[in-house]
Every structure is written in structure tokens, then in C-alpha cells.
$ cat query_24.pdb   # PDB, C-alpha atoms, pLDDT in the B column
ATOM      1  CA  MET A1311       0.037 -20.839   4.030  1.00 51.00           C
ATOM      2  CA  THR A1312       1.060 -17.748   5.933  1.00 76.00           C
ATOM      3  CA  ASP A1313      -0.232 -16.066   9.072  1.00 85.00           C
ATOM      4  CA  TRP A1314      -3.110 -13.797   8.105  1.00 96.00           C
ATOM      5  CA  SER A1315      -4.278 -13.285  11.696  1.00 96.00           C
ATOM      6  CA  VAL A1316      -3.525  -9.547  11.364  1.00 97.00           C
ATOM      7  CA  LEU A1317      -6.911  -9.393   9.649  1.00 98.00           C
ATOM      8  CA  GLY A1318      -8.499  -9.832  13.081  1.00 97.00           C
ATOM      9  CA  THR A1319     -11.904 -11.492  12.968  1.00 98.00           C
ATOM     10  CA  LEU A1320     -11.879 -11.837   9.177  1.00 98.00           C
ATOM     11  CA  GLN A1321     -11.279 -15.109   7.354  1.00 95.00           C
ATOM     12  CA  ALA A1322      -8.771 -14.756   4.551  1.00 97.00           C
ATOM     13  CA  VAL A1323      -8.232 -16.867   1.467  1.00 97.00           C
ATOM     14  CA  PRO A1324      -5.333 -16.805  -1.005  1.00 97.00           C
ATOM     15  CA  ALA A1325      -5.729 -13.525  -2.887  1.00 98.00           C
ATOM     16  CA  LEU A1326      -5.483 -15.068  -6.344  1.00 97.00           C
ATOM     17  CA  ASP A1327      -8.418 -17.350  -5.465  1.00 98.00           C
ATOM     18  CA  ARG A1328     -10.681 -14.281  -5.267  1.00 98.00           C
ATOM     19  CA  PRO A1329      -9.839 -11.902  -8.130  1.00 97.00           C
ATOM     20  CA  ASP A1330     -13.291 -10.348  -7.623  1.00 98.00           C
ATOM     21  CA  LEU A1331     -11.917  -8.884  -4.372  1.00 98.00           C
ATOM     22  CA  LEU A1332      -8.936  -7.240  -6.077  1.00 98.00           C
ATOM     23  CA  GLY A1333      -8.521  -4.083  -8.080  1.00 98.00           C
ATOM     24  CA  GLU A1334      -7.487  -4.900 -11.649  1.00 98.00           C
ATOM     25  CA  PRO A1335      -3.908  -3.549 -11.264  1.00 98.00           C
ATOM     26  CA  VAL A1336      -3.542  -5.511  -8.010  1.00 98.00           C
ATOM     27  CA  ALA A1337      -4.685  -8.766  -9.598  1.00 98.00           C
ATOM     28  CA  HIS A1338      -2.228  -8.158 -12.453  1.00 98.00           C
ATOM     29  CA  GLY A1339       0.559  -7.348  -9.983  1.00 98.00           C
ATOM     30  CA  LEU A1340      -0.080 -10.499  -7.961  1.00 98.00           C
ATOM     31  CA  LYS A1341      -0.068 -12.665 -11.087  1.00 98.00           C
ATOM     32  CA  ALA A1342       3.299 -11.147 -12.049  1.00 98.00           C
ATOM     33  CA  LEU A1343       4.879 -12.218  -8.741  1.00 98.00           C
ATOM     34  CA  ASP A1344       6.589 -15.546  -8.250  1.00 97.00           C
ATOM     35  CA  ALA A1345       3.834 -18.068  -7.426  1.00 97.00           C
ATOM     36  CA  ALA A1346       5.319 -18.791  -3.989  1.00 97.00           C
ATOM     37  CA  ASP A1347       5.270 -15.068  -3.146  1.00 98.00           C
ATOM     38  CA  ALA A1348       1.738 -14.568  -4.466  1.00 98.00           C
ATOM     39  CA  ALA A1349       0.609 -17.471  -2.253  1.00 97.00           C
ATOM     40  CA  LEU A1350       1.726 -15.491   0.811  1.00 98.00           C
ATOM     41  CA  VAL A1351      -0.928 -12.832   0.145  1.00 98.00           C
ATOM     42  CA  GLY A1352      -4.364 -13.329   1.670  1.00 98.00           C
ATOM     43  CA  VAL A1353      -7.532 -11.378   0.963  1.00 98.00           C
ATOM     44  CA  ALA A1354     -10.658 -10.863   3.042  1.00 98.00           C
ATOM     45  CA  GLU A1355     -13.898  -9.154   2.081  1.00 98.00           C
ATOM     46  CA  ILE A1356     -14.947  -6.159   4.184  1.00 98.00           C
ATOM     47  CA  ASP A1357     -17.727  -3.606   4.309  1.00 98.00           C
ATOM     48  CA  PRO A1358     -16.523  -0.843   1.918  1.00 98.00           C
ATOM     49  CA  ALA A1359     -17.820   1.770   4.370  1.00 97.00           C
ATOM     50  CA  LEU A1360     -15.187   0.484   6.821  1.00 97.00           C
ATOM     51  CA  ALA A1361     -12.198   0.690   4.466  1.00 96.00           C
ATOM     52  CA  ASP A1362     -10.541   3.619   6.246  1.00 95.00           C
ATOM     53  CA  THR A1363      -7.821   2.248   8.517  1.00 95.00           C
ATOM     54  CA  ALA A1364      -9.088   3.301  11.946  1.00 96.00           C
ATOM     55  CA  GLN A1365     -12.643   2.144  11.208  1.00 97.00           C
ATOM     56  CA  PHE A1366     -11.396  -1.118   9.703  1.00 98.00           C
ATOM     57  CA  CYS A1367      -9.165  -1.921  12.682  1.00 97.00           C
ATOM     58  CA  GLU A1368     -11.904  -1.186  15.194  1.00 97.00           C
ATOM     59  CA  ALA A1369     -14.626  -3.099  13.347  1.00 98.00           C
ATOM     60  CA  TYR A1370     -12.556  -6.219  12.660  1.00 98.00           C
ATOM     61  CA  SER A1371     -10.188  -6.250  15.691  1.00 98.00           C
ATOM     62  CA  SER A1372      -7.136  -5.819  13.485  1.00 98.00           C
ATOM     63  CA  PRO A1373      -4.105  -4.273  15.234  1.00 97.00           C
ATOM     64  CA  LEU A1374      -3.552  -0.669  14.140  1.00 96.00           C
ATOM     65  CA  ASP A1375       0.217  -1.094  14.435  1.00 96.00           C
ATOM     66  CA  ARG A1376       0.078  -3.874  11.811  1.00 97.00           C
ATOM     67  CA  SER A1377      -1.912  -1.895   9.252  1.00 98.00           C
ATOM     68  CA  ALA A1378       0.168  -0.199   6.595  1.00 98.00           C
ATOM     69  CA  ASN A1379      -1.089   2.764   4.626  1.00 97.00           C
ATOM     70  CA  CYS A1380      -0.011   3.357   1.047  1.00 98.00           C
ATOM     71  CA  VAL A1381       0.087   7.010   0.064  1.00 97.00           C
ATOM     72  CA  VAL A1382       0.900   8.465  -3.337  1.00 98.00           C
ATOM     73  CA  VAL A1383       3.315  11.390  -3.303  1.00 98.00           C
ATOM     74  CA  ALA A1384       3.963  13.861  -6.114  1.00 97.00           C
ATOM     75  CA  GLY A1385       7.368  15.509  -6.200  1.00 97.00           C
ATOM     76  CA  ARG A1386       7.959  18.527  -8.417  1.00 95.00           C
ATOM     77  CA  ARG A1387      11.090  20.146  -9.777  1.00 94.00           C
ATOM     78  CA  GLY A1388      10.372  22.792 -12.377  1.00 93.00           C
ATOM     79  CA  GLN A1389       7.785  21.474 -14.811  1.00 94.00           C
ATOM     80  CA  GLU A1390       8.533  17.813 -14.042  1.00 95.00           C
ATOM     81  CA  THR A1391       6.408  15.778 -11.626  1.00 96.00           C
ATOM     82  CA  ARG A1392       7.609  12.444 -10.276  1.00 96.00           C
ATOM     83  CA  TYR A1393       5.420  10.041  -8.342  1.00 97.00           C
ATOM     84  CA  ALA A1394       6.164   7.502  -5.648  1.00 98.00           C
ATOM     85  CA  ALA A1395       4.127   5.346  -3.313  1.00 98.00           C
ATOM     86  CA  CYS A1396       5.032   5.205   0.360  1.00 98.00           C
ATOM     87  CA  LEU A1397       4.108   2.288   2.615  1.00 98.00           C
ATOM     88  CA  VAL A1398       4.169   3.191   6.306  1.00 98.00           C
ATOM     89  CA  LEU A1399       2.528   1.784   9.419  1.00 98.00           C
ATOM     90  CA  ALA A1400      -0.817   3.406  10.226  1.00 97.00           C
ATOM     91  CA  THR A1401       0.600   4.586  13.556  1.00 97.00           C
ATOM     92  CA  THR A1402       3.091   6.817  11.677  1.00 97.00           C
ATOM     93  CA  ARG A1403       3.128   9.421   8.917  1.00 96.00           C
ATOM     94  CA  ALA A1404       5.359   9.386   5.842  1.00 97.00           C
ATOM     95  CA  ASP A1405       8.191  11.931   5.918  1.00 96.00           C
ATOM     96  CA  VAL A1406       7.031  13.517   2.673  1.00 96.00           C
ATOM     97  CA  ASN A1407       8.904  16.812   2.965  1.00 94.00           C
ATOM     98  CA  GLY A1408      12.165  15.205   4.069  1.00 95.00           C
ATOM     99  CA  LEU A1409      13.093  11.697   2.945  1.00 96.00           C
ATOM    100  CA  VAL A1410      10.525  11.363   0.137  1.00 97.00           C
ATOM    101  CA  ARG A1411      11.252  14.790  -1.346  1.00 96.00           C
ATOM    102  CA  LYS A1412      14.978  14.032  -1.375  1.00 96.00           C
ATOM    103  CA  ARG A1413      14.454  10.544  -2.856  1.00 95.00           C
ATOM    104  CA  LEU A1414      12.387  12.068  -5.684  1.00 96.00           C
ATOM    105  CA  ASN A1415      14.980  14.816  -6.182  1.00 95.00           C
ATOM    106  CA  ALA A1416      12.159  17.329  -5.931  1.00 96.00           C
ATOM    107  CA  ARG A1417      11.987  20.912  -4.700  1.00 96.00           C
ATOM    108  CA  LYS A1418       8.492  20.335  -3.397  1.00 95.00           C
ATOM    109  CA  ALA A1419       6.662  17.133  -2.459  1.00 96.00           C
ATOM    110  CA  SER A1420       3.112  16.602  -1.297  1.00 96.00           C
ATOM    111  CA  PHE A1421       0.404  13.993  -1.246  1.00 96.00           C
ATOM    112  CA  ALA A1422      -0.898  13.601  -4.780  1.00 97.00           C
ATOM    113  CA  PRO A1423      -4.422  14.948  -5.299  1.00 97.00           C
ATOM    114  CA  MET A1424      -6.994  12.173  -4.876  1.00 96.00           C
ATOM    115  CA  ASP A1425      -8.162  12.340  -8.505  1.00 97.00           C
ATOM    116  CA  ASP A1426      -4.581  12.012  -9.766  1.00 97.00           C
ATOM    117  CA  ALA A1427      -3.777   9.120  -7.413  1.00 98.00           C
ATOM    118  CA  VAL A1428      -6.904   7.230  -8.495  1.00 98.00           C
ATOM    119  CA  ARG A1429      -6.388   7.903 -12.209  1.00 98.00           C
ATOM    120  CA  LEU A1430      -2.690   7.028 -12.226  1.00 98.00           C
ATOM    121  CA  THR A1431      -2.937   3.853 -10.138  1.00 98.00           C
ATOM    122  CA  GLY A1432      -6.254   2.568 -11.511  1.00 98.00           C
ATOM    123  CA  MET A1433      -7.269   1.816  -7.914  1.00 98.00           C
ATOM    124  CA  GLU A1434     -10.083   3.124  -5.718  1.00 97.00           C
ATOM    125  CA  TYR A1435      -9.394   5.887  -3.221  1.00 94.00           C
ATOM    126  CA  GLY A1436      -9.115   4.216   0.158  1.00 95.00           C
ATOM    127  CA  GLY A1437      -7.885   1.016  -1.495  1.00 97.00           C
ATOM    128  CA  ILE A1438      -4.663   2.228  -3.145  1.00 98.00           C
ATOM    129  CA  THR A1439      -1.942  -0.254  -2.345  1.00 98.00           C
ATOM    130  CA  ALA A1440       1.664  -1.302  -2.898  1.00 98.00           C
ATOM    131  CA  ILE A1441       0.896  -4.158  -5.310  1.00 98.00           C
ATOM    132  CA  GLY A1442       0.233  -3.278  -8.947  1.00 98.00           C
ATOM    133  CA  LEU A1443       1.606   0.253  -8.951  1.00 98.00           C
ATOM    134  CA  PRO A1444       2.443   1.935 -12.264  1.00 98.00           C
ATOM    135  CA  GLU A1445       5.667   0.719 -13.832  1.00 95.00           C
ATOM    136  CA  GLY A1446       8.679   2.793 -12.892  1.00 95.00           C
ATOM    137  CA  TRP A1447       7.232   4.187  -9.671  1.00 97.00           C
ATOM    138  CA  PRO A1448       9.411   3.757  -6.614  1.00 98.00           C
ATOM    139  CA  LEU A1449       7.693   2.027  -3.705  1.00 98.00           C
ATOM    140  CA  LEU A1450       9.243   3.461  -0.566  1.00 98.00           C
ATOM    141  CA  VAL A1451       8.729   1.002   2.303  1.00 98.00           C
ATOM    142  CA  ASP A1452       9.359   2.022   5.887  1.00 98.00           C
ATOM    143  CA  ALA A1453      11.790  -0.345   7.634  1.00 98.00           C
ATOM    144  CA  ALA A1454       9.162  -1.030  10.331  1.00 98.00           C
ATOM    145  CA  VAL A1455       6.774  -2.357   7.654  1.00 98.00           C
ATOM    146  CA  ALA A1456       9.510  -4.558   6.176  1.00 98.00           C
ATOM    147  CA  ALA A1457      10.318  -5.954   9.639  1.00 98.00           C
ATOM    148  CA  ALA A1458       6.702  -6.770  10.559  1.00 97.00           C
ATOM    149  CA  PRO A1459       5.758 -10.477  10.538  1.00 97.00           C
ATOM    150  CA  ALA A1460       2.568  -9.505   8.650  1.00 97.00           C
ATOM    151  CA  VAL A1461       0.752  -6.318   7.663  1.00 98.00           C
ATOM    152  CA  VAL A1462      -2.687  -5.385   6.365  1.00 98.00           C
ATOM    153  CA  ILE A1463      -2.777  -3.279   3.196  1.00 98.00           C
ATOM    154  CA  GLY A1464      -5.373  -2.215   0.671  1.00 98.00           C
ATOM    155  CA  SER A1465      -6.473  -4.379  -2.229  1.00 98.00           C
ATOM    156  CA  GLY A1466      -7.105  -1.775  -4.911  1.00 98.00           C
ATOM    157  CA  ILE A1467     -10.790  -1.602  -3.941  1.00 98.00           C
ATOM    158  CA  ARG A1468     -12.585  -0.513  -0.759  1.00 98.00           C
ATOM    159  CA  GLY A1469     -14.369  -3.857  -0.371  1.00 98.00           C
ATOM    160  CA  SER A1470     -11.434  -5.963   0.824  1.00 98.00           C
ATOM    161  CA  LYS A1471      -8.034  -5.957   2.529  1.00 98.00           C
ATOM    162  CA  LEU A1472      -4.845  -7.920   1.926  1.00 98.00           C
ATOM    163  CA  ALA A1473      -2.498  -9.504   4.464  1.00 98.00           C
ATOM    164  CA  LEU A1474       1.118 -10.314   3.649  1.00 98.00           C
ATOM    165  CA  PRO A1475       4.503 -10.639   5.346  1.00 98.00           C
ATOM    166  CA  GLY A1476       6.375  -7.349   5.718  1.00 97.00           C
ATOM    167  CA  GLU A1477       9.417  -8.883   4.076  1.00 97.00           C
ATOM    168  CA  LEU A1478       7.341  -9.521   0.950  1.00 98.00           C
ATOM    169  CA  ALA A1479       6.296  -5.859   0.865  1.00 98.00           C
ATOM    170  CA  ALA A1480      10.006  -5.029   0.887  1.00 98.00           C
ATOM    171  CA  ARG A1481      10.543  -7.220  -2.204  1.00 97.00           C
ATOM    172  CA  LEU A1482       7.685  -5.909  -4.345  1.00 98.00           C
ATOM    173  CA  PRO A1483       8.597  -4.371  -7.722  1.00 96.00           C
ATOM    174  CA  GLY A1484      10.259  -0.987  -7.263  1.00 97.00           C
ATOM    175  CA  ALA A1485      10.501  -1.388  -3.481  1.00 98.00           C
ATOM    176  CA  GLU A1486      13.183   0.413  -1.499  1.00 98.00           C
ATOM    177  CA  VAL A1487      13.312  -0.013   2.277  1.00 98.00           C
ATOM    178  CA  ILE A1488      13.945   3.297   4.017  1.00 97.00           C
ATOM    179  CA  GLU A1489      14.739   3.615   7.717  1.00 97.00           C
ATOM    180  CA  GLY A1490      12.711   6.388   9.336  1.00 96.00           C
ATOM    181  CA  LEU A1491      10.290   6.887   6.440  1.00 97.00           C
ATOM    182  CA  GLY A1492       7.389   6.624   8.881  1.00 97.00           C
ATOM    183  CA  ARG A1493       7.617   9.048  11.783  1.00 94.00           C
TER     184      ARG A1493
END
$ encode --input "query_24.pdb" --output "C-alpha cells"
Amino acid sequence: MTDWSVLGTLQAVPALDRPDLLGEPVAHGLKALDAADAALVGVAEIDPALADTAQFCEAYSSPLDRSANCVVVAGRRGQETRYAACLVLATTRADVNGLVRKRLNARKASFAPMDDAVRLTGMEYGGITAIGLPEGWPLLVDAAVAAAPAVVIGSGIRGSKLALPGELAARLPGAEVIEGLGR
């Protein structure tokens, strides 16, 4: 078992033991991981009204600097749009117009519209996460997330949160660790 204390006052269980607390793509993504890696991921049920990071951390005494937000970015060059997910600590913001734009080889990059992010990921807004992303999407992970002993991330739904080691986030499918992604 791993340290899921980043979830504050919540009691976590192995995520695959509670598929009802996972978005469908997240459950699929966890099942696709090596069993030992999947066992490192814990899930805890929360009040969906408290899914936004600041509210979650305050309500459940979870450290803000150990919560990682996953944002979907759309990069455009001409008529082509490329997507990526960025995982950065909640105390930082993703460098969308610098590092992410360059990584996507785009002229312009911005946060994907909510409807697009929800439709493309199959996850709920406010629960979009790094596990179970669409095939072929890069997952850009800030080095500070990768170095964290454990982080809290979304679960694909607003009614729960996941806890996992930062080094596992750095090894998820499509993951690339980028120094300075979160600023």
C-alpha cells in the first residue's frame, strides 16, 4: 500500500476496488496499467460540490501544494488542432503560451473549451485527469509533480479524488516530464 495521506481527512481504498468512483476512461486506464502500478492509486469519495481544488483542499485538509490540476490544452497551426493534457501543482499555472505551445508545434495554444475537453476525454468537467486520456495525447507533467511523494488528482468524475505517487504520474501513458511547466 502507498501513502494516501495527501487526501487529508478522507479514507482511501485501492482505486480498482471502487470502479463506481471512477470515470469510465479512468477505470479503463487503471486496468491497462501494470497491476503493481494500479495498486499505488487510491480513491476517496467526496462531495461533488467540493470538487474544485481550493474547496476540496479546505474541506478535507488536503495540502494545496500536493494537489495537481490536469488541464486540456488545444494547440492550433493552420487548420490542424492538437491536444495535450498538462499536470501541474495547484499552486502553479501551466505555461500554455510558452512550453506547451512549443511542444505542440502550434502557433497558438489555449485551454480547450470546456465542452471540447469533456467530449474528447469522456470525463466530467472538474474531474478531468491524467489517467485514461485519449490515445496519442501527450501528458505533459511538471517536474515538481513528478518529484512529489504523492499528489491528489481528479478521478474522471466530480464525486471522488485519486492519490498516487508523483513518480507514477510521470510514467503514465504518453507522459513527458517538463521542467518549469508549472510557473
$ closest_residue --input "query_24.pdb" --among "A:Leu1449, A:Ala1458, A:Leu1331, A:Ile1488" --to "Ala1354 of chain A" --atoms "all atoms listed in the file"
A:Leu1331
$ closest_atom_pairs --input "query_24.pdb" --of "segment 1392-1465 of chain A" --to "segment 1339-1344 of chain A" --cutoff "12 Å" --atoms "all atoms listed in the file" --output "Markdown table"
| residue | atom | partner | partner_atom | distance |
| --- | --- | --- | --- | --- |
| A:Thr1431 | CA | A:Gly1339 | CA | 11.7 |
| A:Thr1439 | CA | A:Gly1339 | CA | 10.7 |
| A:Ala1440 | CA | A:Gly1339 | CA | 9.4 |
| A:Ile1441 | CA | A:Gly1339 | CA | 5.7 |
| A:Gly1442 | CA | A:Gly1339 | CA | 4.2 |
| A:Leu1443 | CA | A:Gly1339 | CA | 7.7 |
| A:Pro1444 | CA | A:Gly1339 | CA | 9.7 |
| A:Glu1445 | CA | A:Gly1339 | CA | 10.3 |
| A:Ser1465 | CA | A:Leu1340 | CA | 10.5 |
$ write_last_selection --input "query_24.pdb" --atoms "C-alpha atoms" --output "short mmCIF file (atom, residue, chain, number, x, y, z; two decimals), keeping the file's coordinate frame"
data_model
loop_
_atom_site.label_atom_id
_atom_site.label_comp_id
_atom_site.auth_asym_id
_atom_site.auth_seq_id
_atom_site.Cartn_x
_atom_site.Cartn_y
_atom_site.Cartn_z
CA THR A 1431 -2.94 3.85 -10.14
CA THR A 1439 -1.94 -0.25 -2.35
CA ALA A 1440 1.66 -1.30 -2.90
CA ILE A 1441 0.90 -4.16 -5.31
CA GLY A 1442 0.23 -3.28 -8.95
CA LEU A 1443 1.61 0.25 -8.95
CA PRO A 1444 2.44 1.94 -12.26
CA GLU A 1445 5.67 0.72 -13.83
CA SER A 1465 -6.47 -4.38 -2.23
#
$ resolve_selection --input "query_24.pdb" --expression "the PyMOL selection byres ((chain A and resi 1348) around 12)" --output "VMD selection string"
chain A and resid 1311 to 1312 1323 to 1327 1336 to 1347 1349 to 1353 1441 1472 to 1475 1478 to 1479 1481 to 1482
$ residues_near_point --input "query_24.pdb" --point "(12.2, 5.8, 8.1)" --cutoff "7 Å" --atoms "only C-alpha atoms" --output "number ranges by chain"
A: 1452-1453, 1488-1493
$ closest_residue --input "query_24.pdb" --among "A:Leu1409, A:Ala1457, A:Leu1430, A:Val1451" --to "Gly1385 of chain A" --atoms "all atoms listed in the file"
A:Leu1409
$ atom_distance --input "query_24.pdb" --atom1 "atom CA of Ala1394 of chain A" --atom2 "atom CA of Val1455 of chain A"
16.6 Å
$ atom_distance --input "query_24.pdb" --atom1 "atom CA of Glu1486 of chain A" --atom2 "atom CA of Tyr1393 of chain A"
14.1 Å
$ atom_distance --input "query_24.pdb" --atom1 "atom CA of Arg1468 of chain A" --atom2 "atom CA of Val1487 of chain A"
26.1 Å
$ resolve_selection --input "query_24.pdb" --expression "the PyMOL selection byres ((chain A and resi 1423) around 12)" --output "mmCIF file with C-alpha atoms, in the coordinates of the input"
data_model
loop_
_atom_site.group_PDB
_atom_site.id
_atom_site.type_symbol
_atom_site.label_atom_id
_atom_site.label_comp_id
_atom_site.auth_asym_id
_atom_site.auth_seq_id
_atom_site.Cartn_x
_atom_site.Cartn_y
_atom_site.Cartn_z
ATOM 1 C CA VAL A 1381 0.087 7.010 0.064
ATOM 2 C CA VAL A 1382 0.900 8.465 -3.337
ATOM 3 C CA VAL A 1383 3.315 11.390 -3.303
ATOM 4 C CA ALA A 1384 3.963 13.861 -6.114
ATOM 5 C CA GLY A 1385 7.368 15.509 -6.200
ATOM 6 C CA TYR A 1393 5.420 10.041 -8.342
ATOM 7 C CA ALA A 1419 6.662 17.133 -2.459
ATOM 8 C CA SER A 1420 3.112 16.602 -1.297
ATOM 9 C CA PHE A 1421 0.404 13.993 -1.246
ATOM 10 C CA ALA A 1422 -0.898 13.601 -4.780
ATOM 11 C CA MET A 1424 -6.994 12.173 -4.876
ATOM 12 C CA ASP A 1425 -8.162 12.340 -8.505
ATOM 13 C CA ASP A 1426 -4.581 12.012 -9.766
ATOM 14 C CA ALA A 1427 -3.777 9.120 -7.413
ATOM 15 C CA VAL A 1428 -6.904 7.230 -8.495
ATOM 16 C CA ARG A 1429 -6.388 7.903 -12.209
ATOM 17 C CA LEU A 1430 -2.690 7.028 -12.226
ATOM 18 C CA TYR A 1435 -9.394 5.887 -3.221
#
$ resolve_selection --input "query_24.pdb" --expression "the PyMOL selection byres ((chain A and resi 1358-1365) around 9)" --output "ChimeraX atom specification"
/A:1355-1357,1366-1370,1374,1377-1379,1400,1436-1437,1464,1467-1471
$ axis_aligned_box --input "query_24.pdb" --around "segment 1404-1414 of chain A" --padding-each-side "5 Å" --output "lines of an AutoDock Vina configuration file"
center_x = 10.2
center_y = 13.1
center_z = 0.1
size_x = 19.6
size_y = 17.4
size_z = 21.6
$ closest_residue --input "query_24.pdb" --among "A:Ile1463, A:Leu1450, A:Gln1389, A:Ala1456" --to "Glu1477 of chain A" --atoms "only C-alpha atoms"
A:Ala1456
$ closest_residue --input "query_24.pdb" --among "A:Ile1438, A:Leu1332, A:Ala1416, A:Val1461" --to "Ser1315 of chain A" --atoms "all atoms listed in the file"
A:Val1461
$ closest_residue --input "query_24.pdb" --among "A:Ser1372, A:Glu1390, A:Gly1408, A:Ala1395" --to "Thr1319 of chain A" --atoms "only C-alpha atoms"
A:Ser1372
$ build_atoms --input "query_24.pdb" --residues "segment 1337-1362 of chain A" --atoms "N, CA and C atoms" --output "PDB file, in the frame of the given file"
ATOM      1  N   ALA A1337      -4.623  -7.395  -9.089  1.00 98.00           N
ATOM      2  CA  ALA A1337      -4.685  -8.766  -9.598  1.00 98.00           C
ATOM      3  C   ALA A1337      -3.549  -9.006 -10.591  1.00 98.00           C
ATOM      4  N   HIS A1338      -3.316  -8.051 -11.480  1.00 98.00           N
ATOM      5  CA  HIS A1338      -2.228  -8.158 -12.453  1.00 98.00           C
ATOM      6  C   HIS A1338      -0.877  -8.227 -11.736  1.00 98.00           C
ATOM      7  N   GLY A1339      -0.689  -7.368 -10.735  1.00 98.00           N
ATOM      8  CA  GLY A1339       0.559  -7.348  -9.983  1.00 98.00           C
ATOM      9  C   GLY A1339       0.816  -8.642  -9.238  1.00 98.00           C
ATOM     10  N   LEU A1340      -0.229  -9.222  -8.666  1.00 98.00           N
ATOM     11  CA  LEU A1340      -0.080 -10.499  -7.961  1.00 98.00           C
ATOM     12  C   LEU A1340       0.283 -11.624  -8.928  1.00 98.00           C
ATOM     13  N   LYS A1341      -0.359 -11.627 -10.091  1.00 98.00           N
ATOM     14  CA  LYS A1341      -0.068 -12.665 -11.087  1.00 98.00           C
ATOM     15  C   LYS A1341       1.363 -12.562 -11.595  1.00 98.00           C
ATOM     16  N   ALA A1342       1.929 -11.354 -11.571  1.00 98.00           N
ATOM     17  CA  ALA A1342       3.299 -11.147 -12.049  1.00 98.00           C
ATOM     18  C   ALA A1342       4.352 -11.584 -11.024  1.00 98.00           C
ATOM     19  N   LEU A1343       3.937 -11.771  -9.769  1.00 98.00           N
ATOM     20  CA  LEU A1343       4.879 -12.218  -8.741  1.00 98.00           C
ATOM     21  C   LEU A1343       5.197 -13.697  -8.920  1.00 98.00           C
ATOM     22  N   ASP A1344       6.289 -14.125  -8.345  1.00 97.00           N
ATOM     23  CA  ASP A1344       6.589 -15.546  -8.250  1.00 97.00           C
ATOM     24  C   ASP A1344       5.411 -16.214  -7.534  1.00 97.00           C
ATOM     25  N   ALA A1345       5.016 -17.389  -7.989  1.00 97.00           N
ATOM     26  CA  ALA A1345       3.834 -18.068  -7.426  1.00 97.00           C
ATOM     27  C   ALA A1345       3.949 -18.275  -5.920  1.00 97.00           C
ATOM     28  N   ALA A1346       5.136 -18.587  -5.427  1.00 97.00           N
ATOM     29  CA  ALA A1346       5.319 -18.791  -3.989  1.00 97.00           C
ATOM     30  C   ALA A1346       5.091 -17.488  -3.224  1.00 97.00           C
ATOM     31  N   ASP A1347       5.509 -16.360  -3.797  1.00 98.00           N
ATOM     32  CA  ASP A1347       5.270 -15.068  -3.146  1.00 98.00           C
ATOM     33  C   ASP A1347       3.793 -14.701  -3.196  1.00 98.00           C
ATOM     34  N   ALA A1348       3.164 -14.892  -4.343  1.00 98.00           N
ATOM     35  CA  ALA A1348       1.738 -14.568  -4.466  1.00 98.00           C
ATOM     36  C   ALA A1348       0.911 -15.382  -3.474  1.00 98.00           C
ATOM     37  N   ALA A1349       1.337 -16.606  -3.189  1.00 97.00           N
ATOM     38  CA  ALA A1349       0.609 -17.471  -2.253  1.00 97.00           C
ATOM     39  C   ALA A1349       0.678 -16.955  -0.823  1.00 97.00           C
ATOM     40  N   LEU A1350       1.595 -16.060  -0.528  1.00 98.00           N
ATOM     41  CA  LEU A1350       1.726 -15.491   0.811  1.00 98.00           C
ATOM     42  C   LEU A1350       0.721 -14.376   1.083  1.00 98.00           C
ATOM     43  N   VAL A1351       0.004 -13.955   0.034  1.00 98.00           N
ATOM     44  CA  VAL A1351      -0.928 -12.832   0.145  1.00 98.00           C
ATOM     45  C   VAL A1351      -2.348 -13.356   0.312  1.00 98.00           C
ATOM     46  N   GLY A1352      -2.983 -12.951   1.407  1.00 98.00           N
ATOM     47  CA  GLY A1352      -4.364 -13.329   1.670  1.00 98.00           C
ATOM     48  C   GLY A1352      -5.285 -12.147   1.462  1.00 98.00           C
ATOM     49  N   VAL A1353      -6.532 -12.430   1.146  1.00 98.00           N
ATOM     50  CA  VAL A1353      -7.532 -11.378   0.963  1.00 98.00           C
ATOM     51  C   VAL A1353      -8.772 -11.728   1.776  1.00 98.00           C
ATOM     52  N   ALA A1354      -9.403 -10.685   2.304  1.00 98.00           N
ATOM     53  CA  ALA A1354     -10.658 -10.863   3.042  1.00 98.00           C
ATOM     54  C   ALA A1354     -11.617  -9.748   2.630  1.00 98.00           C
ATOM     55  N   GLU A1355     -12.864 -10.120   2.448  1.00 98.00           N
ATOM     56  CA  GLU A1355     -13.898  -9.154   2.081  1.00 98.00           C
ATOM     57  C   GLU A1355     -14.285  -8.346   3.311  1.00 98.00           C
ATOM     58  N   ILE A1356     -14.507  -7.037   3.103  1.00 98.00           N
ATOM     59  CA  ILE A1356     -14.947  -6.159   4.184  1.00 98.00           C
ATOM     60  C   ILE A1356     -16.091  -5.279   3.698  1.00 98.00           C
ATOM     61  N   ASP A1357     -16.722  -4.604   4.630  1.00 98.00           N
ATOM     62  CA  ASP A1357     -17.727  -3.606   4.309  1.00 98.00           C
ATOM     63  C   ASP A1357     -16.980  -2.391   3.744  1.00 98.00           C
ATOM     64  N   PRO A1358     -17.243  -1.973   2.505  1.00 98.00           N
ATOM     65  CA  PRO A1358     -16.523  -0.843   1.918  1.00 98.00           C
ATOM     66  C   PRO A1358     -16.623   0.439   2.750  1.00 98.00           C
ATOM     67  N   ALA A1359     -17.670   0.592   3.522  1.00 97.00           N
ATOM     68  CA  ALA A1359     -17.820   1.770   4.370  1.00 97.00           C
ATOM     69  C   ALA A1359     -16.813   1.763   5.520  1.00 97.00           C
ATOM     70  N   LEU A1360     -16.172   0.616   5.739  1.00 97.00           N
ATOM     71  CA  LEU A1360     -15.187   0.484   6.821  1.00 97.00           C
ATOM     72  C   LEU A1360     -13.763   0.363   6.292  1.00 97.00           C
ATOM     73  N   ALA A1361     -13.526   0.845   5.086  1.00 96.00           N
ATOM     74  CA  ALA A1361     -12.198   0.690   4.466  1.00 96.00           C
ATOM     75  C   ALA A1361     -11.140   1.589   5.090  1.00 96.00           C
ATOM     76  N   ASP A1362     -11.533   2.736   5.635  1.00 95.00           N
ATOM     77  CA  ASP A1362     -10.541   3.619   6.246  1.00 95.00           C
ATOM     78  C   ASP A1362      -9.914   2.902   7.438  1.00 95.00           C
TER      79      ASP A1362
END
